[in-house]
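K.L.:
Hey, dropping query_38.cif in here, mmCIF, C-alpha atoms:
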```cif
data_run
loop_
_atom_site.label_atom_id
_atom_site.label_comp_id
_atom_site.auth_asym_id
_atom_site.auth_seq_id
_atom_site.Cartn_x
_atom_site.Cartn_y
_atom_site.Cartn_z
CA MET Z 30 -4.20 22.52 -6.98
CA ASN Z 31 -2.06 22.31 -3.84
CA THR Z 32 0.35 19.53 -2.89
CA ILE Z 33 -2.18 17.73 -0.66
CA GLU Z 34 -4.73 17.52 -3.48
CA LEU Z 35 -2.08 16.50 -5.99
CA ALA Z 36 -0.82 13.77 -3.63
CA GLU Z 37 -4.37 12.52 -3.14
CA ARG Z 38 -5.09 12.44 -6.85
CA THR Z 39 -1.77 10.75 -7.68
CA SER Z 40 -2.27 8.19 -4.93
CA ARG Z 41 -5.77 7.32 -6.18
CA ALA Z 42 -4.57 7.02 -9.78
CA TRP Z 43 -1.69 4.82 -8.60
CA ALA Z 44 -4.07 2.52 -6.69
CA LEU Z 45 -6.35 2.17 -9.73
CA MET Z 46 -3.32 1.42 -11.88
CA LEU Z 47 -2.31 -1.33 -9.43
CA TYR Z 48 -5.77 -2.92 -9.80
CA LEU Z 49 -5.43 -2.77 -13.58
CA LEU Z 50 -1.90 -4.18 -13.63
CA GLY Z 51 -2.86 -6.91 -11.17
CA GLY Z 52 -5.79 -7.89 -13.38
CA ILE Z 53 -3.61 -7.95 -16.50
CA LEU Z 54 -0.97 -10.05 -14.71
CA LEU Z 55 -3.56 -12.60 -13.62
CA LEU Z 56 -5.19 -12.77 -17.05
CA VAL Z 57 -1.86 -13.21 -18.84
CA GLU Z 58 -0.89 -15.93 -16.37
CA LEU Z 59 -4.18 -17.79 -16.85
CA ALA Z 60 -4.00 -17.38 -20.63
CA GLY Z 61 -0.36 -18.54 -20.72
CA MET Z 62 -1.18 -21.68 -18.75
CA THR Z 63 -4.28 -22.62 -20.71
CA PHE Z 64 -5.19 -21.65 -24.25
CA MET Z 65 -2.34 -19.30 -25.23
CA ARG Z 66 0.81 -21.26 -24.46
CA ARG Z 67 3.16 -19.23 -26.67
CA ASP Z 68 6.57 -17.62 -26.29
CA PHE Z 69 5.07 -14.17 -26.80
CA VAL Z 70 2.66 -14.65 -23.89
CA ASP Z 71 5.50 -16.00 -21.72
CA GLY Z 72 7.61 -12.95 -22.49
CA PHE Z 73 4.69 -10.61 -21.95
CA TRP Z 74 3.99 -12.18 -18.56
CA LEU Z 75 7.65 -11.75 -17.56
CA GLY Z 76 7.60 -8.08 -18.57
CA ILE Z 77 4.34 -7.39 -16.73
CA ALA Z 78 5.59 -9.26 -13.65
CA MET Z 79 8.74 -7.14 -13.53
CA VAL Z 80 6.72 -3.93 -13.86
CA CYS Z 81 4.39 -5.17 -11.08
CA ALA Z 82 7.36 -5.88 -8.80
CA LEU Z 83 8.67 -2.36 -9.43
CA THR Z 84 5.33 -0.83 -8.40
CA LEU Z 85 5.81 -2.29 -4.92
CA LEU Z 86 9.12 -0.54 -4.37
CA PRO Z 87 9.42 2.96 -2.85
CA TRP Z 88 11.29 4.25 -5.92
CA ARG Z 89 9.78 7.72 -5.57
CA ARG Z 90 11.65 8.16 -2.30
CA TRP Z 91 14.84 6.84 -3.88
CA LEU Z 92 14.65 9.05 -6.96
CA LYS Z 93 13.66 12.39 -5.37
CA PRO Z 94 13.86 12.15 -1.58
CA ASN Z 95 13.55 15.91 -1.09
CA SER Z 96 10.41 16.40 -3.14
CA VAL Z 97 7.46 17.47 -0.95
CA LEU Z 98 5.03 15.53 -3.16
CA ASN Z 99 7.14 12.37 -3.00
CA ARG Z 100 7.39 12.65 0.78
CA MET Z 101 3.58 12.75 0.98
CA LEU Z 102 3.26 9.83 -1.41
CA GLU Z 103 5.69 7.85 0.74
CA ASP Z 104 4.63 8.93 4.21
CA GLU Z 105 4.17 6.74 7.29
CA ALA Z 106 0.76 5.36 6.37
CA VAL Z 107 1.92 4.42 2.86
CA ARG Z 108 4.99 2.66 4.27
CA GLU Z 109 2.75 0.75 6.65
CA HIS Z 110 0.43 -0.20 3.78
CA ARG Z 111 3.44 -1.39 1.77
CA ARG Z 112 4.65 -3.53 4.68
CA MET Z 113 1.20 -5.07 5.15
CA SER Z 114 0.70 -5.73 1.45
CA CYS Z 115 4.15 -7.29 1.03
CA THR Z 116 3.33 -9.56 3.96
CA ALA Z 117 0.08 -10.51 2.22
CA GLY Z 118 2.08 -11.21 -0.94
CA PHE Z 119 4.51 -13.40 0.96
CA TRP Z 120 1.71 -15.52 2.41
CA ALA Z 121 -0.06 -15.78 -0.95
CA SER Z 122 3.20 -16.99 -2.52
CA LEU Z 123 3.70 -19.52 0.25
CA VAL Z 124 0.14 -20.86 -0.04
CA ALA Z 125 0.46 -21.06 -3.83
CA ALA Z 126 3.80 -22.89 -3.57
CA LEU Z 127 2.40 -25.40 -1.09
CA ALA Z 128 -0.75 -25.86 -3.18
CA VAL Z 129 1.11 -26.68 -6.41
CA ALA Z 130 3.90 -28.72 -4.77
CA PRO Z 131 2.03 -32.07 -5.04
CA PHE Z 132 1.32 -31.45 -8.74
CA ALA Z 133 4.94 -30.51 -9.39
CA HIS Z 134 6.07 -33.62 -7.52
CA ASP Z 135 4.02 -35.81 -9.82
CA ALA Z 136 5.33 -33.84 -12.82
CA LEU Z 137 1.84 -32.59 -13.72
CA ILE Z 138 3.14 -29.01 -13.75
CA GLY Z 139 6.49 -27.88 -15.09
CA SER Z 140 8.95 -25.87 -13.00
CA TYR Z 141 8.43 -22.76 -15.13
CA ASP Z 142 4.68 -22.88 -14.52
CA VAL Z 143 5.26 -23.37 -10.80
CA ALA Z 144 7.52 -20.31 -10.71
CA ARG Z 145 4.90 -18.28 -12.59
CA ILE Z 146 2.06 -19.37 -10.32
CA VAL Z 147 4.02 -18.54 -7.17
CA ALA Z 148 5.19 -15.16 -8.49
CA THR Z 149 1.74 -14.24 -9.83
CA ALA Z 150 0.04 -15.14 -6.55
CA GLY Z 151 2.51 -13.06 -4.52
CA LEU Z 152 2.45 -10.04 -6.79
CA PHE Z 153 -1.32 -10.10 -7.27
CA ALA Z 154 -2.03 -10.33 -3.54
CA ALA Z 155 0.48 -7.60 -2.69
CA MET Z 156 -0.74 -5.19 -5.36
CA ILE Z 157 -4.44 -5.67 -4.71
CA SER Z 158 -4.06 -5.35 -0.95
CA PHE Z 159 -1.85 -2.26 -1.33
CA ALA Z 160 -4.35 -0.58 -3.66
CA THR Z 161 -7.27 -1.50 -1.40
CA LEU Z 162 -5.56 -0.16 1.73
CA GLU Z 163 -4.66 3.08 -0.06
CA LEU Z 164 -8.18 3.66 -1.38
CA ARG Z 165 -9.75 2.77 1.97
CA ALA Z 166 -7.46 5.20 3.78
CA ALA Z 167 -8.38 8.00 1.38
CA ARG Z 168 -12.12 7.68 2.05
CA MET T 11 -5.50 -5.63 25.53
CA SER T 12 -4.42 -1.97 25.43
CA GLU T 13 -5.93 0.25 22.79
CA LEU T 14 -4.71 3.65 21.66
CA LEU T 15 -7.46 6.27 21.64
CA ASN T 16 -7.07 9.75 20.25
CA SER T 17 -8.91 13.04 20.23
CA LEU T 18 -7.31 14.26 17.03
CA LYS T 19 -10.60 14.95 15.26
CA GLU T 20 -11.99 16.99 18.17
CA GLU T 21 -8.79 19.03 18.50
CA ARG T 22 -8.56 19.58 14.76
CA GLU T 23 -12.15 20.77 14.59
CA ARG T 24 -11.57 22.98 17.65
CA MET T 25 -8.90 24.77 15.62
CA GLY T 26 -11.18 24.94 12.58
CA LEU T 27 -8.86 22.85 10.44
CA THR T 28 -9.79 20.36 7.75
CA GLN T 29 -7.92 17.06 7.46
CA ALA T 30 -6.14 18.45 4.41
CA ALA T 31 -5.08 21.64 6.25
CA LEU T 32 -3.69 19.64 9.17
CA ALA T 33 -1.94 17.28 6.75
CA GLU T 34 -0.29 20.25 5.07
CA ARG T 35 0.88 21.66 8.41
CA VAL T 36 2.39 18.33 9.42
CA GLY T 37 3.74 17.42 5.97
CA VAL T 38 1.88 14.14 5.46
CA SER T 39 -0.95 13.07 3.19
CA ARG T 40 -4.60 13.54 4.13
CA LYS T 41 -5.13 9.79 4.28
CA THR T 42 -2.54 9.53 7.04
CA ILE T 43 -4.52 12.03 9.12
CA ASN T 44 -7.72 10.15 8.27
CA THR T 45 -6.34 6.76 9.30
CA VAL T 46 -4.89 8.16 12.55
CA GLU T 47 -8.22 9.81 13.42
CA ASN T 48 -10.09 6.58 12.76
CA GLY T 49 -7.66 4.57 14.86
CA VAL T 50 -6.67 2.44 11.87
CA PHE T 51 -3.06 3.59 11.93
CA ILE T 52 -0.94 4.16 15.02
CA PRO T 53 1.45 7.04 14.29
CA SER T 54 5.13 7.02 15.14
CA THR T 55 6.40 9.13 18.04
CA LEU T 56 7.72 11.64 15.54
CA LEU T 57 4.37 12.05 13.82
CA ALA T 58 2.51 12.18 17.15
CA LEU T 59 4.80 15.01 18.29
CA LYS T 60 4.35 16.85 15.00
CA LEU T 61 0.56 16.53 15.29
CA ALA T 62 0.68 17.82 18.86
CA ALA T 63 2.80 20.78 17.80
CA ALA T 64 0.51 21.58 14.87
CA LEU T 65 -2.56 21.47 17.13
CA GLN T 66 -0.76 23.32 19.94
CA ARG T 67 -1.61 20.63 22.48
CA PRO T 68 0.56 18.32 24.57
CA VAL T 69 0.88 14.91 22.95
CA GLU T 70 -0.67 13.12 25.95
CA SER T 71 -3.89 15.12 25.51
CA LEU T 72 -4.17 13.86 21.91
CA PHE T 73 -3.40 10.21 22.56
CA ARG T 74 -4.28 8.00 25.51
CA ILE T 75 -4.28 4.31 26.29
CA ASN T 76 -7.58 2.60 27.00
CA GLU T 77 -6.88 -0.46 29.17
#
```
Please lay out the structure from this file as C-alpha coordinates.

P.N.:
Amino acid sequence: MNTIELAERTSRAWALMLYLLGGILLLVELAGMTFMRRDFVDGFWLGIAMVCALTLLPWRRWLKPNSVLNRMLEDEAVREHRRMSCTAGFWASLVAALAVAPFAHDALIGSYDVARIVATAGLFAAMISFATLELRAAR
Amino acid sequence: MSELLNSLKEERERMGLTQAALAERVGVSRKTINTVENGVFIPSTLLALKLAAALQRPVESLFRINE
(Lines of atoms letter the chains of each structure in order from A and count residues from 1; the text may use other names and numbers.)
(Lines give C-alpha, C1' and ligand atoms only; values in the text may rest on other atoms or scores of the structure.)
Protein backbone atom coordinates (compact mmCIF):
# COMPACT_ATOMS: atom_id res chain seq x y z
CA MET A 1 0.00 0.00 0.00
CA ASN A 2 1.49 3.36 -0.99
CA THR A 3 1.26 6.62 0.94
CA ILE A 4 -1.70 7.93 -1.08
CA GLU A 5 -3.77 4.82 -0.33
CA LEU A 6 -2.71 4.83 3.32
CA ALA A 7 -3.65 8.52 3.63
CA GLU A 8 -7.02 7.82 2.04
CA ARG A 9 -7.74 4.89 4.31
CA THR A 10 -6.63 6.76 7.44
CA SER A 11 -8.67 9.79 6.48
CA ARG A 12 -11.81 7.69 5.96
CA ALA A 13 -11.32 5.87 9.26
CA TRP A 14 -10.79 9.21 10.99
CA ALA A 15 -14.02 10.62 9.52
CA LEU A 16 -16.00 7.56 10.64
CA MET A 17 -14.47 7.87 14.10
CA LEU A 18 -15.61 11.52 14.22
CA TYR A 19 -19.18 10.42 13.44
CA LEU A 20 -18.99 7.82 16.21
CA LEU A 21 -17.49 10.21 18.77
CA GLY A 22 -20.00 12.90 17.85
CA GLY A 23 -22.85 10.44 18.35
CA ILE A 24 -21.48 9.30 21.72
CA LEU A 25 -21.02 12.92 22.85
CA LEU A 26 -24.61 13.78 21.96
CA LEU A 27 -26.02 10.65 23.61
CA VAL A 28 -24.04 11.20 26.81
CA GLU A 29 -25.19 14.82 26.90
CA LEU A 30 -28.84 13.87 26.42
CA ALA A 31 -28.57 11.07 28.97
CA GLY A 32 -26.82 13.35 31.49
CA MET A 33 -29.54 15.97 31.19
CA THR A 34 -32.48 13.59 31.42
CA PHE A 35 -32.58 10.14 32.96
CA MET A 36 -28.94 9.58 34.00
CA ARG A 37 -28.06 12.65 36.04
CA ARG A 38 -25.06 11.15 37.84
CA ASP A 39 -21.49 12.22 38.58
CA PHE A 40 -20.14 9.36 36.49
CA VAL A 41 -22.07 10.52 33.41
CA ASP A 42 -20.93 14.11 34.03
CA GLY A 43 -17.31 13.00 34.20
CA PHE A 44 -17.70 10.77 31.16
CA TRP A 45 -19.17 13.66 29.18
CA LEU A 46 -16.24 15.89 30.17
CA GLY A 47 -13.72 13.25 29.09
CA ILE A 48 -15.47 12.64 25.76
CA ALA A 49 -15.78 16.40 25.14
CA MET A 50 -12.05 16.89 25.68
CA VAL A 51 -11.24 14.03 23.31
CA CYS A 52 -13.64 15.53 20.74
CA ALA A 53 -11.96 18.93 21.03
CA LEU A 54 -8.57 17.29 20.45
CA THR A 55 -9.81 15.63 17.25
CA LEU A 56 -10.37 19.09 15.75
CA LEU A 57 -6.77 20.16 16.25
CA PRO A 58 -4.02 19.56 13.65
CA TRP A 59 -1.91 17.61 16.16
CA ARG A 60 -0.51 15.34 13.45
CA ARG A 61 1.25 18.33 11.92
CA TRP A 62 2.51 19.42 15.33
CA LEU A 63 3.82 15.99 16.33
CA LYS A 64 5.53 14.92 13.08
CA PRO A 65 5.65 17.83 10.64
CA ASN A 66 8.12 16.09 8.31
CA SER A 67 6.16 12.87 7.88
CA VAL A 68 4.91 12.46 4.28
CA LEU A 69 1.75 10.74 5.51
CA ASN A 70 1.01 13.49 8.02
CA ARG A 71 1.53 16.15 5.36
CA MET A 72 -1.08 14.43 3.18
CA LEU A 73 -3.47 14.08 6.10
CA GLU A 74 -3.06 17.80 6.81
CA ASP A 75 -2.91 19.20 3.30
CA GLU A 76 -4.66 22.30 1.95
CA ALA A 77 -8.08 20.73 1.49
CA VAL A 78 -8.06 19.28 5.01
CA ARG A 79 -7.08 22.66 6.48
CA GLU A 80 -9.92 24.27 4.55
CA HIS A 81 -12.35 21.62 5.82
CA ARG A 82 -11.14 22.24 9.37
CA ARG A 83 -11.68 25.99 9.00
CA MET A 84 -15.19 25.47 7.61
CA SER A 85 -16.15 22.95 10.27
CA CYS A 86 -14.83 25.11 13.12
CA THR A 87 -16.90 27.97 11.72
CA ALA A 88 -19.94 25.68 11.71
CA GLY A 89 -19.14 24.75 15.31
CA PHE A 90 -18.89 28.40 16.31
CA TRP A 91 -22.31 29.18 14.84
CA ALA A 92 -23.88 26.09 16.41
CA SER A 93 -22.50 27.16 19.81
CA LEU A 94 -23.82 30.67 19.34
CA VAL A 95 -27.29 29.46 18.33
CA ALA A 96 -27.35 27.02 21.26
CA ALA A 97 -26.27 29.75 23.70
CA LEU A 98 -28.94 32.15 22.44
CA ALA A 99 -31.58 29.40 22.49
CA VAL A 100 -30.97 28.42 26.13
CA ALA A 101 -30.37 31.96 27.42
CA PRO A 102 -34.07 32.62 28.25
CA PHE A 103 -34.28 29.33 30.18
CA ALA A 104 -31.08 30.11 32.07
CA HIS A 105 -32.41 33.59 32.84
CA ASP A 106 -35.50 32.10 34.45
CA ALA A 107 -33.30 29.58 36.30
CA LEU A 108 -34.92 26.64 34.50
CA ILE A 109 -31.47 25.38 33.47
CA GLY A 110 -28.36 25.44 35.62
CA SER A 111 -25.12 27.06 34.46
CA TYR A 112 -23.37 23.69 34.19
CA ASP A 113 -26.08 22.40 31.86
CA VAL A 114 -25.87 25.56 29.78
CA ALA A 115 -22.11 25.12 29.42
CA ARG A 116 -22.60 21.49 28.40
CA ILE A 117 -25.29 22.31 25.84
CA VAL A 118 -23.19 25.05 24.24
CA ALA A 119 -20.03 22.92 24.16
CA THR A 120 -21.87 19.85 22.85
CA ALA A 121 -23.58 21.83 20.09
CA GLY A 122 -20.29 23.37 18.95
CA LEU A 123 -18.28 20.16 19.06
CA PHE A 124 -21.01 18.06 17.46
CA ALA A 125 -21.53 20.48 14.57
CA ALA A 126 -17.80 20.88 13.97
CA MET A 127 -17.06 17.15 14.05
CA ILE A 128 -19.99 16.09 11.89
CA SER A 129 -19.34 18.78 9.28
CA PHE A 130 -15.61 17.96 9.21
CA ALA A 131 -16.29 14.25 8.74
CA THR A 132 -18.91 14.93 6.07
CA LEU A 133 -16.63 17.28 4.12
CA GLU A 134 -13.78 14.76 4.28
CA LEU A 135 -15.91 11.84 3.09
CA ARG A 136 -17.52 13.93 0.35
CA ALA A 137 -14.11 15.05 -0.91
CA ALA A 138 -12.87 11.46 -1.05
CA ARG A 139 -15.72 10.32 -3.32
CA MET B 1 -19.51 37.03 -9.95
CA SER B 2 -16.17 35.58 -11.08
CA GLU B 3 -15.77 31.83 -11.08
CA LEU B 4 -12.55 29.85 -11.30
CA LEU B 5 -12.64 27.17 -13.98
CA ASN B 6 -9.97 24.57 -14.48
CA SER B 7 -8.95 21.97 -17.02
CA LEU B 8 -7.08 19.84 -14.52
CA LYS B 9 -8.98 16.65 -15.33
CA GLU B 10 -8.42 17.00 -19.08
CA GLU B 11 -4.70 17.70 -18.63
CA ARG B 12 -4.30 14.87 -16.15
CA GLU B 13 -6.00 12.43 -18.47
CA ARG B 14 -3.91 13.73 -21.39
CA MET B 15 -0.84 12.63 -19.44
CA GLY B 16 -2.45 9.30 -18.57
CA LEU B 17 -2.37 9.97 -14.84
CA THR B 18 -4.89 8.91 -12.23
CA GLN B 19 -5.91 11.30 -9.46
CA ALA B 20 -3.79 9.26 -7.06
CA ALA B 21 -0.72 9.43 -9.34
CA LEU B 22 -1.03 13.20 -9.71
CA ALA B 23 -1.56 13.54 -5.95
CA GLU B 24 1.64 11.59 -5.34
CA ARG B 25 3.60 13.80 -7.75
CA VAL B 26 2.35 16.96 -6.07
CA GLY B 27 2.53 15.62 -2.50
CA VAL B 28 -1.12 16.07 -1.53
CA SER B 29 -3.97 13.67 -0.89
CA ARG B 30 -6.18 12.34 -3.69
CA LYS B 31 -9.20 14.14 -2.26
CA THR B 32 -7.44 17.47 -2.73
CA ILE B 33 -6.99 16.71 -6.43
CA ASN B 34 -10.62 15.54 -6.59
CA THR B 35 -12.00 18.70 -4.95
CA VAL B 36 -9.86 20.97 -7.16
CA GLU B 37 -11.01 19.14 -10.31
CA ASN B 38 -14.64 19.45 -9.26
CA GLY B 39 -14.25 23.14 -8.50
CA VAL B 40 -15.18 22.59 -4.85
CA PHE B 41 -11.81 23.77 -3.56
CA ILE B 42 -9.79 26.68 -4.91
CA PRO B 43 -6.09 25.82 -4.53
CA SER B 44 -3.47 28.18 -3.20
CA THR B 45 -0.98 29.76 -5.60
CA LEU B 46 1.63 27.31 -4.36
CA LEU B 47 -0.51 24.27 -5.10
CA ALA B 48 -1.60 25.69 -8.48
CA LEU B 49 2.06 26.12 -9.46
CA LYS B 50 2.91 22.62 -8.26
CA LEU B 51 0.02 21.19 -10.29
CA ALA B 52 1.15 23.11 -13.36
CA ALA B 53 4.71 21.84 -12.94
CA ALA B 54 3.53 18.24 -12.46
CA LEU B 55 1.38 18.44 -15.59
CA GLN B 56 4.06 20.34 -17.53
CA ARG B 57 1.67 23.13 -18.45
CA PRO B 58 1.64 26.85 -17.67
CA VAL B 59 -0.60 27.61 -14.72
CA GLU B 60 -2.84 29.93 -16.78
CA SER B 61 -3.72 27.04 -19.11
CA LEU B 62 -4.95 25.01 -16.12
CA PHE B 63 -6.96 27.73 -14.41
CA ARG B 64 -9.02 30.54 -15.87
CA ILE B 65 -11.60 33.01 -14.65
CA ASN B 66 -15.11 32.82 -16.04
CA GLU B 67 -16.70 36.28 -15.73

K.L.:
Kindly provide, as a list in words, the polymer residues lying within 12 Å of (0.1, 9.3, -8.1), counting all atoms listed in the file and using the coordinates exactly as they appear in the file.

P.N.:
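All residues meeting the 12 Å criterion around (0.1, 9.3, -8.1) are Thr32, Ile33, Glu34, Leu35, Ala36, Glu37, Arg38, Thr39, Ser40, Arg41, Ala42, Trp43, Ala44, Leu45, Met46, Leu47, Thr84, Arg89, Leu98, Asn99, Arg100, Met101, Leu102, Glu103, Ala160 and Glu163 of chain Z; Ser39 of chain T.
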
K.L.:
Using all atoms listed in the file, can you list as a PyMOL selection string the residues within 7 Å of (2.2, -19.4, -18.5)?

P.N.:
chain Z and resi 58-62+66+71+142+145

K.L.:
Quote the spacing between CA of Thr45 (chain T) and CA of Gly118 (chain Z) in Å to one decimal place.

P.N.:
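Answer for the CA of Thr45 (chain T) to CA of Gly118 (chain Z) separation: 22.3 Å.
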
K.L.:
Restricting the calculation to only C-alpha atoms, which member of T:Leu59, T:Val69, T:Asn44, T:Ala30 is positioned closest to Arg168 (chain Z)?

P.N.:
T:Asn44

K.L.:
Taking a cut-off of 6 Å and counting all atoms listed in the file, can you build a table that, for each residue of chain Z near chain T, reports the nearest atom pair and how far apart they are in Å (one decimal), sorted by chain then residue number, as a Markdown table?

P.N.:
```
| residue | atom | partner | partner_atom | distance |
| --- | --- | --- | --- | --- |
| Z:Met101 | CA | T:Val38 | CA | 5.0 |
| Z:Ala106 | CA | T:Thr42 | CA | 5.4 |
| Z:Ala166 | CA | T:Lys41 | CA | 5.2 |
| Z:Ala167 | CA | T:Lys41 | CA | 4.7 |
```

K.L.:
For the file shown, what are the residues hit by the PyMOL selection byres ((chain T and resi 14-23) around 8), laid out as an NGL selection string?

P.N.:
:T and (12-13 or 24-29 or 32 or 46-47 or 49 or 52 or 65 or 71-76)

K.L.:
Taking C-alpha atoms for each residue, export the selection above as a PDB file, in the frame of the given file.

P.N.:
```pdb
ATOM      1  CA  SER T  12      -4.420  -1.970  25.430  1.00  0.00           C
ATOM      2  CA  GLU T  13      -5.930   0.250  22.790  1.00  0.00           C
ATOM      3  CA  ARG T  24     -11.570  22.980  17.650  1.00  0.00           C
ATOM      4  CA  MET T  25      -8.900  24.770  15.620  1.00  0.00           C
ATOM      5  CA  GLY T  26     -11.180  24.940  12.580  1.00  0.00           C
ATOM      6  CA  LEU T  27      -8.860  22.850  10.440  1.00  0.00           C
ATOM      7  CA  THR T  28      -9.790  20.360   7.750  1.00  0.00           C
ATOM      8  CA  GLN T  29      -7.920  17.060   7.460  1.00  0.00           C
ATOM      9  CA  LEU T  32      -3.690  19.640   9.170  1.00  0.00           C
ATOM     10  CA  VAL T  46      -4.890   8.160  12.550  1.00  0.00           C
ATOM     11  CA  GLU T  47      -8.220   9.810  13.420  1.00  0.00           C
ATOM     12  CA  GLY T  49      -7.660   4.570  14.860  1.00  0.00           C
ATOM     13  CA  ILE T  52      -0.940   4.160  15.020  1.00  0.00           C
ATOM     14  CA  LEU T  65      -2.560  21.470  17.130  1.00  0.00           C
ATOM     15  CA  SER T  71      -3.890  15.120  25.510  1.00  0.00           C
ATOM     16  CA  LEU T  72      -4.170  13.860  21.910  1.00  0.00           C
ATOM     17  CA  PHE T  73      -3.400  10.210  22.560  1.00  0.00           C
ATOM     18  CA  ARG T  74      -4.280   8.000  25.510  1.00  0.00           C
ATOM     19  CA  ILE T  75      -4.280   4.310  26.290  1.00  0.00           C
ATOM     20  CA  ASN T  76      -7.580   2.600  27.000  1.00  0.00           C
TER      21      ASN T  76
END
```

K.L.:
Counting all atoms listed in the file, which residue out of Z:Leu162, Z:Ala125, Z:Asn95, Z:Ile77 sits closest to Ala144 (chain Z)?

P.N.:
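For Ala144 (chain Z), the nearest of the given residues is Z:Ala125.
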